[in-house]
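File shown here: final.csv, holding CSV, C-alpha atoms.
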chain,number,residue,atom,x,y,z
Y,1,MET,CA,-3.2,0.0,42.8
Y,2,LYS,CA,-1.6,-2.5,40.6
Y,3,ALA,CA,-1.3,-3.1,36.8
Y,4,LEU,CA,-0.5,-5.9,34.5
Y,5,ILE,CA,1.1,-5.3,31.1
Y,6,LEU,CA,0.7,-8.1,28.5
Y,7,VAL,CA,4.2,-8.3,27.0
Y,8,GLY,CA,3.9,-11.7,25.4
Y,9,GLY,CA,6.2,-13.2,22.8
Y,10,PHE,CA,8.9,-12.6,20.3
Y,11,GLY,CA,7.8,-9.4,18.6
Y,12,THR,CA,8.3,-10.9,15.1
Y,13,ARG,CA,6.4,-8.0,13.4
Y,14,LEU,CA,9.0,-5.5,14.5
Y,15,ARG,CA,12.0,-7.6,13.5
Y,16,PRO,CA,14.9,-6.8,12.9
Y,17,LEU,CA,14.7,-4.4,15.9
Y,18,THR,CA,13.4,-7.1,18.2
Y,19,LEU,CA,16.4,-9.3,17.4
Y,20,SER,CA,18.4,-6.9,19.7
Y,21,VAL,CA,16.0,-6.3,22.5
Y,22,PRO,CA,12.5,-7.5,23.5
Y,23,LYS,CA,9.8,-5.5,21.8
Y,24,PRO,CA,8.7,-3.4,24.8
Y,25,LEU,CA,12.3,-2.1,25.1
Y,26,VAL,CA,12.3,-0.9,21.4
Y,27,ASP,CA,12.6,2.9,21.5
Y,28,PHE,CA,9.5,5.0,20.6
Y,29,ALA,CA,9.9,8.8,20.7
Y,30,ASN,CA,13.3,8.4,22.4
Y,31,LYS,CA,12.3,6.0,25.2
Y,32,PRO,CA,11.4,2.4,25.4
Y,33,MET,CA,7.7,1.7,24.5
Y,34,ILE,CA,6.9,0.2,27.8
Y,35,LEU,CA,8.2,3.2,29.8
Y,36,HIS,CA,5.5,5.4,28.3
Y,37,GLN,CA,3.0,3.1,30.0
Y,38,ILE,CA,4.8,2.7,33.3
Y,39,GLU,CA,5.3,6.4,33.7
Y,40,ALA,CA,1.6,7.1,33.1
Y,41,LEU,CA,0.5,4.3,35.5
Y,42,LYS,CA,2.8,5.7,38.2
Y,43,ALA,CA,1.3,9.2,37.7
Y,44,VAL,CA,-2.2,7.9,38.8
Y,45,GLY,CA,-0.9,6.1,41.9
Y,46,VAL,CA,-0.1,2.6,40.6
Y,47,THR,CA,2.5,1.1,43.0
Y,48,GLU,CA,3.3,-2.2,41.3
Y,49,VAL,CA,3.5,-3.2,37.7
Y,50,VAL,CA,3.5,-6.9,36.7
Y,51,LEU,CA,4.9,-7.8,33.3
Y,52,ALA,CA,3.3,-11.0,31.8
Y,53,ILE,CA,6.1,-12.3,29.6
Y,54,ASN,CA,7.2,-15.6,28.0
Y,55,TYR,CA,10.4,-14.4,26.2
Y,56,GLN,CA,13.7,-13.1,27.6
Y,57,PRO,CA,12.4,-11.9,31.1
Y,58,GLU,CA,15.9,-11.5,32.4
Y,59,VAL,CA,16.7,-8.9,29.7
Y,60,MET,CA,13.5,-7.0,30.5
Y,61,MET,CA,14.1,-7.1,34.2
Y,62,ASN,CA,17.8,-6.1,34.1
Y,63,PHE,CA,16.8,-3.1,32.0
Y,64,LEU,CA,13.8,-2.1,34.2
Y,65,ARG,CA,15.7,-2.3,37.5
Y,66,GLU,CA,17.1,1.2,37.1
Y,67,PHE,CA,13.7,2.6,36.3
Y,68,GLU,CA,12.2,0.9,39.4
Y,69,SER,CA,14.3,3.1,41.7
Y,70,LYS,CA,14.2,6.1,39.4
Y,71,LEU,CA,10.3,6.1,39.2
Y,72,GLY,CA,9.8,4.7,42.7
Y,73,ILE,CA,7.5,1.8,41.4
Y,74,LYS,CA,7.8,-1.9,41.9
Y,75,ILE,CA,8.2,-3.9,38.7
Y,76,THR,CA,7.9,-7.7,38.7
Y,77,CYS,CA,7.8,-10.5,36.1
Y,78,SER,CA,5.2,-13.2,35.7
Y,79,ARG,CA,6.8,-15.8,33.6
Y,80,GLU,CA,4.7,-18.0,31.3
Y,81,THR,CA,6.2,-21.4,30.4
Y,82,GLU,CA,3.7,-21.7,27.6
Y,83,PRO,CA,1.8,-18.8,25.8
Y,84,LEU,CA,-1.4,-18.2,27.8
Y,85,GLY,CA,-3.2,-15.8,25.4
Y,86,THR,CA,-4.6,-12.5,26.8
Y,87,ALA,CA,-6.5,-13.8,29.9
Y,88,GLY,CA,-4.3,-16.7,31.1
Y,89,PRO,CA,-1.6,-14.4,32.3
Y,90,LEU,CA,-4.1,-12.8,34.7
Y,91,ALA,CA,-4.8,-16.2,36.3
Y,92,LEU,CA,-1.0,-16.8,36.5
Y,93,ALA,CA,-0.5,-13.5,38.4
Y,94,ARG,CA,-3.7,-13.8,40.4
Y,95,ASP,CA,-2.0,-13.8,43.8
Y,96,THR,CA,-0.1,-10.6,43.0
Y,97,LEU,CA,-3.1,-8.8,41.5
Y,98,ASN,CA,-5.6,-9.7,44.2
Y,99,ASP,CA,-4.2,-8.4,47.4
Y,100,ASP,CA,-7.5,-8.4,49.3
Y,101,SER,CA,-7.7,-4.6,49.1
Y,102,GLY,CA,-10.6,-4.9,46.7
Y,103,GLU,CA,-9.0,-2.2,44.5
Y,104,PRO,CA,-9.4,-2.6,40.7
Y,105,PHE,CA,-6.3,-3.2,38.6
Y,106,PHE,CA,-5.2,-2.1,35.1
Y,107,VAL,CA,-4.4,-4.5,32.3
Y,108,LEU,CA,-2.6,-3.1,29.2
Y,109,ASN,CA,-1.4,-4.4,25.9
Y,110,SER,CA,2.2,-3.4,25.6
Y,111,ASP,CA,2.0,-2.3,22.0
Y,112,VAL,CA,-0.6,0.4,22.6
Y,113,ILE,CA,0.4,4.1,22.5
Y,114,SER,CA,-2.1,6.8,23.5
Y,115,GLU,CA,-2.4,9.6,26.0
Y,116,TYR,CA,-3.3,7.0,28.7
Y,117,PRO,CA,-6.3,8.8,30.4
Y,118,PHE,CA,-6.1,6.5,33.4
Y,119,LYS,CA,-7.4,9.1,35.9
Y,120,GLU,CA,-10.6,9.5,33.8
Y,121,MET,CA,-10.9,5.7,33.5
Y,122,ILE,CA,-10.8,5.2,37.3
Y,123,GLU,CA,-13.5,7.8,37.7
Y,124,PHE,CA,-15.6,6.2,35.0
Y,125,HIS,CA,-15.1,2.7,36.6
Y,126,LYS,CA,-16.3,3.9,40.0
Y,127,SER,CA,-19.3,5.8,38.5
Y,128,HIS,CA,-20.9,2.8,36.7
Y,129,GLY,CA,-20.4,0.2,39.5
Y,130,GLY,CA,-19.9,-2.7,37.0
Y,131,GLU,CA,-17.2,-5.4,37.2
Y,132,ALA,CA,-15.0,-4.3,34.3
Y,133,SER,CA,-14.2,-1.2,32.2
Y,134,ILE,CA,-12.6,-1.3,28.8
Y,135,MET,CA,-11.3,1.6,26.6
Y,136,VAL,CA,-12.6,1.7,23.1
Y,137,THR,CA,-11.4,3.9,20.2
Y,138,LYS,CA,-13.1,5.0,17.0
Y,139,VAL,CA,-11.6,3.8,13.8
Y,140,ASP,CA,-12.4,4.5,10.1
Y,141,GLU,CA,-12.4,0.8,9.0
Y,142,PRO,CA,-14.1,-1.2,11.7
Y,143,SER,CA,-14.3,-4.3,9.4
Y,144,LYS,CA,-10.6,-5.1,10.2
Y,145,TYR,CA,-11.2,-5.3,13.9
Y,146,GLY,CA,-13.5,-6.7,16.7
Y,147,VAL,CA,-16.2,-4.1,17.2
Y,148,VAL,CA,-17.6,-3.2,20.6
Y,149,VAL,CA,-21.4,-2.6,20.4
Y,150,MET,CA,-22.4,-0.4,23.4
Y,151,GLU,CA,-25.1,1.9,24.7
Y,152,GLU,CA,-24.2,5.4,23.9
Y,153,GLY,CA,-25.5,7.0,27.1
Y,154,THR,CA,-24.1,4.6,29.8
Y,155,GLY,CA,-21.3,2.9,27.9
Y,156,LYS,CA,-22.8,-0.5,28.9
Y,157,VAL,CA,-21.4,-3.1,26.4
Y,158,GLU,CA,-24.1,-5.2,24.7
Y,159,ARG,CA,-21.9,-7.5,22.5
Y,160,PHE,CA,-18.8,-7.9,20.5
Y,161,VAL,CA,-18.8,-8.5,16.7
Y,162,GLU,CA,-15.5,-9.9,15.2
Y,163,LYS,CA,-14.6,-8.3,11.8
Y,164,PRO,CA,-18.2,-7.3,10.9
Y,165,LYS,CA,-19.3,-7.6,7.2
Y,166,ILE,CA,-22.0,-5.0,7.8
Y,167,PHE,CA,-21.7,-1.8,9.8
Y,168,VAL,CA,-22.6,-2.3,13.5
Y,169,GLY,CA,-20.4,0.5,15.0
Y,170,ASN,CA,-17.0,2.0,14.7
Y,171,LYS,CA,-15.6,1.5,18.2
Y,172,ILE,CA,-12.9,-1.1,18.8
Y,173,ASN,CA,-11.2,-2.5,21.9
Y,174,ALA,CA,-8.2,-0.3,22.6
Y,175,GLY,CA,-6.3,-2.8,24.8
Y,176,ILE,CA,-6.6,-0.9,28.1
Y,177,TYR,CA,-8.8,-2.4,30.9
Y,178,LEU,CA,-9.7,-1.7,34.5
Y,179,LEU,CA,-11.0,-4.8,36.2
Y,180,ASN,CA,-12.3,-5.6,39.7
Y,181,PRO,CA,-10.5,-8.5,41.4
Y,182,SER,CA,-13.7,-10.7,41.0
Y,183,VAL,CA,-12.9,-10.9,37.3
Y,184,LEU,CA,-10.0,-13.2,38.2
Y,185,ASP,CA,-12.5,-15.8,39.5
Y,186,ARG,CA,-13.7,-16.1,35.9
Y,187,ILE,CA,-10.3,-17.0,34.4
Y,188,GLU,CA,-8.8,-20.5,34.4
Y,189,LEU,CA,-5.0,-21.0,34.2
Y,190,ARG,CA,-4.9,-22.1,30.6
Y,191,PRO,CA,-4.5,-20.4,27.2
Y,192,THR,CA,-7.5,-18.1,27.2
Y,193,SER,CA,-8.6,-15.0,25.2
Y,194,ILE,CA,-9.9,-12.1,27.4
Y,195,GLU,CA,-11.6,-10.5,24.3
Y,196,LYS,CA,-13.3,-13.6,23.0
Y,197,GLU,CA,-14.0,-15.6,26.2
Y,198,ILE,CA,-14.0,-13.5,29.3
Y,199,PHE,CA,-15.5,-10.1,28.2
Y,200,PRO,CA,-18.5,-11.6,26.4
Y,201,ASN,CA,-19.5,-13.4,29.6
Y,202,ILE,CA,-19.2,-10.3,31.7
Y,203,ALA,CA,-21.2,-8.3,29.0
Y,204,ALA,CA,-23.9,-11.0,29.0
Y,205,GLU,CA,-24.4,-10.3,32.8
Y,206,GLN,CA,-24.5,-6.5,32.0
Y,207,LYS,CA,-21.4,-5.8,34.1
Y,208,LEU,CA,-19.0,-4.6,31.3
Y,209,TYR,CA,-18.7,-0.9,30.4
Y,210,ALA,CA,-16.8,0.9,27.7
Y,211,MET,CA,-15.3,4.4,27.8
Y,212,VAL,CA,-14.4,6.1,24.5
Y,213,LEU,CA,-10.7,7.0,24.6
Y,214,PRO,CA,-10.1,10.7,24.2
Y,215,GLY,CA,-7.2,11.7,22.0
Y,216,PHE,CA,-5.1,9.5,19.7
Y,217,TRP,CA,-4.5,5.7,19.8
Y,218,MET,CA,-2.2,3.3,17.9
Y,219,ASP,CA,-1.0,-0.2,18.1
Y,220,ILE,CA,2.6,0.2,17.2
Y,221,GLY,CA,3.5,-3.4,16.9
Y,222,GLN,CA,4.5,-3.2,13.2
Y,223,PRO,CA,6.6,-0.7,11.3
Y,224,ARG,CA,4.0,1.1,9.3
Y,225,ASP,CA,1.9,1.6,12.4
Y,226,TYR,CA,4.9,2.6,14.4
Y,227,ILE,CA,5.6,5.4,12.0
Y,228,THR,CA,2.0,6.5,12.1
Y,229,GLY,CA,2.0,6.3,15.9
Y,230,LEU,CA,5.0,8.6,16.1
Y,231,ARG,CA,3.1,11.2,14.0
Y,232,LEU,CA,0.1,11.0,16.3
Y,233,TYR,CA,2.3,11.1,19.5
Y,234,LEU,CA,4.2,14.2,18.3
Y,235,ASP,CA,1.0,15.8,17.2
Y,236,SER,CA,-0.4,15.4,20.8
Y,237,LEU,CA,2.8,17.0,22.1
Y,238,ARG,CA,2.2,19.9,19.8
Y,239,LYS,CA,-1.4,20.3,21.1
Y,240,LYS,CA,-0.1,20.4,24.6
Y,241,SER,CA,2.6,22.9,23.6
Y,242,SER,CA,5.2,20.6,24.9
Y,243,PRO,CA,8.8,22.0,25.5
Y,244,LYS,CA,10.1,18.6,24.2
Y,245,LEU,CA,9.5,19.7,20.6
Y,246,ALA,CA,12.5,21.1,18.8
Y,247,SER,CA,12.3,24.5,17.1
Y,248,GLY,CA,14.5,26.5,14.7
Y,249,SER,CA,14.8,27.4,11.0
Y,250,HIS,CA,16.0,23.8,10.2
Y,251,ILE,CA,12.8,22.2,11.7
Y,252,VAL,CA,9.7,21.5,9.8
Y,253,GLY,CA,6.6,20.3,11.7
Y,254,ASN,CA,7.0,18.2,14.9
Y,255,VAL,CA,10.4,16.9,15.7
Y,256,ILE,CA,12.1,15.7,19.0
Y,257,VAL,CA,15.9,15.8,19.3
Y,258,ASP,CA,17.7,14.4,22.3
Y,259,GLU,CA,19.8,17.0,24.0
Y,260,THR,CA,23.0,14.9,23.5
Y,261,ALA,CA,22.5,14.7,19.7
Y,262,VAL,CA,24.6,16.9,17.4
Y,263,ILE,CA,23.0,18.4,14.3
Y,264,GLY,CA,25.2,19.9,11.5
Y,265,GLU,CA,24.6,22.9,9.4
Y,266,GLY,CA,22.1,23.2,6.6
Y,267,CYS,CA,20.0,20.2,7.7
Y,268,LEU,CA,16.2,20.0,7.2
Y,269,LEU,CA,14.5,17.9,9.9
Y,270,GLY,CA,10.8,17.0,9.9
Y,271,PRO,CA,8.0,16.5,9.9
Y,272,ASP,CA,7.5,13.6,12.4
Y,273,VAL,CA,11.1,12.8,13.3
Y,274,ALA,CA,12.6,11.5,16.6
Y,275,ILE,CA,16.4,11.7,17.0
Y,276,GLY,CA,17.9,9.7,19.9
Y,277,PRO,CA,20.7,10.3,22.3
Y,278,GLY,CA,24.3,10.5,21.1
Y,279,CYS,CA,23.4,10.8,17.4
Y,280,VAL,CA,25.5,12.8,15.0
Y,281,VAL,CA,23.6,14.2,12.0
Y,282,GLU,CA,26.2,15.8,9.6
Y,283,SER,CA,25.6,18.8,7.4
Y,284,GLY,CA,23.0,19.0,4.7
Y,285,VAL,CA,21.0,15.9,5.8
Y,286,ARG,CA,17.2,15.7,5.1
Y,287,LEU,CA,15.1,13.6,7.6
Y,288,SER,CA,11.3,13.2,7.5
Y,289,ARG,CA,8.8,10.7,9.1
Y,290,CYS,CA,11.5,8.6,10.7
Y,291,THR,CA,13.0,7.4,13.9
Y,292,ILE,CA,16.8,7.7,14.5
Y,293,MET,CA,17.6,5.6,17.6
Y,294,ARG,CA,20.6,6.0,20.0
Y,295,GLY,CA,24.2,6.4,18.8
Y,296,ILE,CA,23.6,6.7,15.1
Y,297,ARG,CA,25.7,8.7,12.6
Y,298,ILE,CA,24.0,10.1,9.5
Y,299,LYS,CA,26.7,11.4,7.1
Y,300,LYS,CA,26.6,14.5,4.9
Y,301,HIS,CA,23.7,15.1,2.4
Y,302,SER,CA,21.9,11.8,3.0
Y,303,CYS,CA,18.2,11.7,2.9
Y,304,ILE,CA,16.0,9.4,5.1
Y,305,SER,CA,12.2,9.2,5.0
Y,306,SER,CA,9.5,6.9,6.3
Y,307,SER,CA,12.0,4.6,7.9
Y,308,ILE,CA,13.3,3.3,11.2
Y,309,ILE,CA,17.1,3.4,11.8
Y,310,GLY,CA,18.1,1.0,14.7
Y,311,TRP,CA,20.8,1.7,17.3
Y,312,HIS,CA,24.4,2.4,16.4
Y,313,CYS,CA,23.9,2.4,12.6
Y,314,THR,CA,25.8,4.5,10.1
Y,315,VAL,CA,24.2,5.9,7.0
Y,316,GLY,CA,26.8,7.0,4.4
Y,317,GLN,CA,27.1,10.3,2.5
Y,318,TRP,CA,24.5,11.0,-0.2
Y,319,ALA,CA,22.7,7.8,0.7
Y,320,ARG,CA,18.9,7.7,0.2
Y,321,VAL,CA,16.9,5.5,2.6
Y,322,GLU,CA,13.1,5.4,2.2
Y,323,ASN,CA,9.8,3.5,1.9
Y,324,MET,CA,9.7,1.7,5.3
Y,325,THR,CA,13.4,0.7,5.3
Y,326,ILE,CA,14.2,-0.8,8.7
Y,327,LEU,CA,17.8,-1.1,9.7
Y,328,GLY,CA,18.6,-3.4,12.7
Y,329,GLU,CA,21.2,-2.6,15.2
Y,330,ASP,CA,24.8,-1.7,14.0
Y,331,VAL,CA,24.0,-1.7,10.2
Y,332,HIS,CA,26.4,0.3,8.0
Y,333,VAL,CA,25.0,1.8,4.8
Y,334,CYS,CA,27.9,2.8,2.5
Y,335,ASP,CA,28.1,6.1,0.6
Y,336,GLU,CA,25.6,6.8,-2.2
Y,337,ILE,CA,23.5,3.7,-1.5
Y,338,TYR,CA,19.8,3.7,-2.2
Y,339,SER,CA,17.4,1.6,0.0
Y,340,ASN,CA,13.8,1.2,-1.1
Y,341,GLY,CA,12.1,-0.7,1.7
Y,342,GLY,CA,15.1,-2.8,2.7
Y,343,VAL,CA,14.7,-4.7,6.0
Y,344,VAL,CA,18.3,-5.3,7.2
Y,345,LEU,CA,19.3,-7.7,10.0
Y,346,PRO,CA,21.8,-6.5,12.6
Y,347,HIS,CA,25.5,-6.1,12.1
Y,348,LYS,CA,25.4,-5.9,8.3
Y,349,GLU,CA,27.3,-3.7,5.8
Y,350,ILE,CA,25.2,-2.6,2.8
Y,351,LYS,CA,27.5,-2.1,-0.2
Y,352,SER,CA,24.9,-2.2,-3.0
Y,353,SER,CA,21.5,-0.6,-3.4
Y,354,ILE,CA,18.3,-2.3,-2.4
Y,355,LEU,CA,16.0,-1.4,-5.3
Y,356,LYS,CA,12.8,-3.1,-4.1
Y,357,PRO,CA,11.5,-4.1,-0.6
Y,358,GLU,CA,13.4,-7.2,0.6
Y,359,ILE,CA,15.0,-8.7,3.6
Y,360,VAL,CA,18.8,-8.5,3.8
Y,361,MET,CA,20.0,-11.4,5.9
Before anything else, please render the file you have as structure tokens.
Amino acid sequence: MKALILVGGFGTRLRPLTLSVPKPLVDFANKPMILHQIEALKAVGVTEVVLAINYQPEVMMNFLREFESKLGIKITCSRETEPLGTAGPLALARDTLNDDSGEPFFVLNSDVISEYPFKEMIEFHKSHGGEASIMVTKVDEPSKYGVVVMEEGTGKVERFVEKPKIFVGNKINAGIYLLNPSVLDRIELRPTSIEKEIFPNIAAEQKLYAMVLPGFWMDIGQPRDYITGLRLYLDSLRKKSSPKLASGSHIVGNVIVDETAVIGEGCLLGPDVAIGPGCVVESGVRLSRCTIMRGIRIKKHSCISSSIIGWHCTVGQWARVENMTILGEDVHVCDEIYSNGGVVLPHKEIKSSILKPEIVM
């Protein structure tokens, strides 16, 4: 089996982190976002993953080379010279995806984090005999999304309603598809939307089926949703009684700490915290609802909440960092500084407090 991951463009919503690496390589729960997907695909027997990409493919491929051999899976790039939307990339990679085996292939949005129930999806796809399967997830506010209207019993998709004003349903497209090769014949090599152009045509022919995604789902393409996604992900680890979760008197709720990180005395960590490799957290530090990426030093008695701290940063003693502060790579926050929602570009030193949310260039 094969899979295509829609990587796309610049990742502007996750800047300043994406100024250092392409978005799929930004760490989530201590490993690059895209690796969560590739590992789950490998687990159900996918042998080749194609990345549809139009920005920095060399950086992506150099990074993923080591994982190719580690995971034993082939990873290739399909380079767009112009943005092709969500369906155009399938046409561009047609020859790779359609290898005459007749096997269906997966298509994933690279921002989506979930428990990736690919095995169940393959079984569902085989059982209905249609041309395409999509995952849907239930949301509380369907008016913000495109809603999928489907038959409850069979999962057959009847129609799509974009940002409905009146309630038509609460299931939205989760950005995970399993498609027969024949779907490729419906797509031209031009900028095309799979959601707005291709799927409605398949649904009109009654060949599109939707499966409700079990477990959690989040599009982590922007900071607030990234923090929420981390909470949901750690929560799912807790439900599975995962050994990855840290324990001890200094841990509150769900926390993961890389084995190479050093934690000082008298710290209180959690809930919903990820601490990456090579980090040093000095004594008396308080961390909650935050991601601390690789190689960071958090100095004594500082407090970080609801924030993302990028690679190789330093946060000074008695500093307070909160309210969706995002520090790009190699940012140094001086002692006793307060950051209220500061978004700081890479390689900066912060010598004065950031009192209201703003971008520090």
Of the listed residues Y:Gly270, Y:Pro277, Y:Gly130, Y:Pro117, that which approaches Y:Gly248 most closely, counting all atoms listed in the file: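 Looking at the shortest contact to Y:Gly248, the residue is Y:Gly270.
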Atom-to-atom span, atom CA of Y:Leu245 and atom CA of Y:Asp272, Å: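 If I compute the distance from atom CA of Y:Leu245 to atom CA of Y:Asp272, I get 10.4 Å.
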Residue nearest Y:Val26 among Y:Asp111, Y:Asp99, Y:Asp185, Y:Asp235 (counting all atoms listed in the file):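 Smallest separation from Y:Val26 among the options: Y:Asp111.
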Counting only C-alpha atoms, what are the residues of stretch 218-303 of chain Y within 12 Å of stretch 325-338 of chain Y, and for each of them which pair of atoms is the nearest and at what distance in Å, to one decimal? Sort the table by chain and rising number, as a tab-separated table.
residue	atom	partner	partner_atom	distance
Y:Gln222	CA	Y:Ile326	CA	11.0
Y:Pro223	CA	Y:Ile326	CA	8.0
Y:Arg224	CA	Y:Thr325	CA	10.2
Y:Tyr226	CA	Y:Ile326	CA	11.4
Y:Ile227	CA	Y:Ile326	CA	11.1
Y:Arg289	CA	Y:Thr325	CA	11.6
Y:Cys290	CA	Y:Thr325	CA	9.8
Y:Thr291	CA	Y:Ile326	CA	9.8
Y:Ile292	CA	Y:Leu327	CA	10.1
Y:Met293	CA	Y:Glu329	CA	9.3
Y:Arg294	CA	Y:Glu329	CA	9.9
Y:Gly295	CA	Y:Asp330	CA	9.4
Y:Ile296	CA	Y:Asp330	CA	8.6
Y:Arg297	CA	Y:His332	CA	9.6
Y:Ile298	CA	Y:Val333	CA	9.6
Y:Lys299	CA	Y:Asp335	CA	8.5
Y:Lys300	CA	Y:Asp335	CA	9.6
Y:His301	CA	Y:Glu336	CA	9.7
Y:Ser302	CA	Y:Glu336	CA	8.1
Y:Cys303	CA	Y:Tyr338	CA	9.6
Proximity to Y:Ile166 - best of Y:Val147, Y:Met135, Y:Ile122, Y:Val49, all atoms listed in the file: Y:Val147
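Each of Y:Ser182, Y:Ser242, Y:Asn62, Y:Thr86 was checked against Y:Glu103 using all atoms listed in the file; the smallest atom-to-atom distance is that of Y:Ser182.
For Y:Ala261, the list of residues within 8 Å, based on only C-alpha atoms and with local chain neighbours fewer than 3 positions off taken out, reads Val257, Asp258, Ile275, Gly276, Pro277, Gly278, Cys279, Val280 and Val281 of chain Y.
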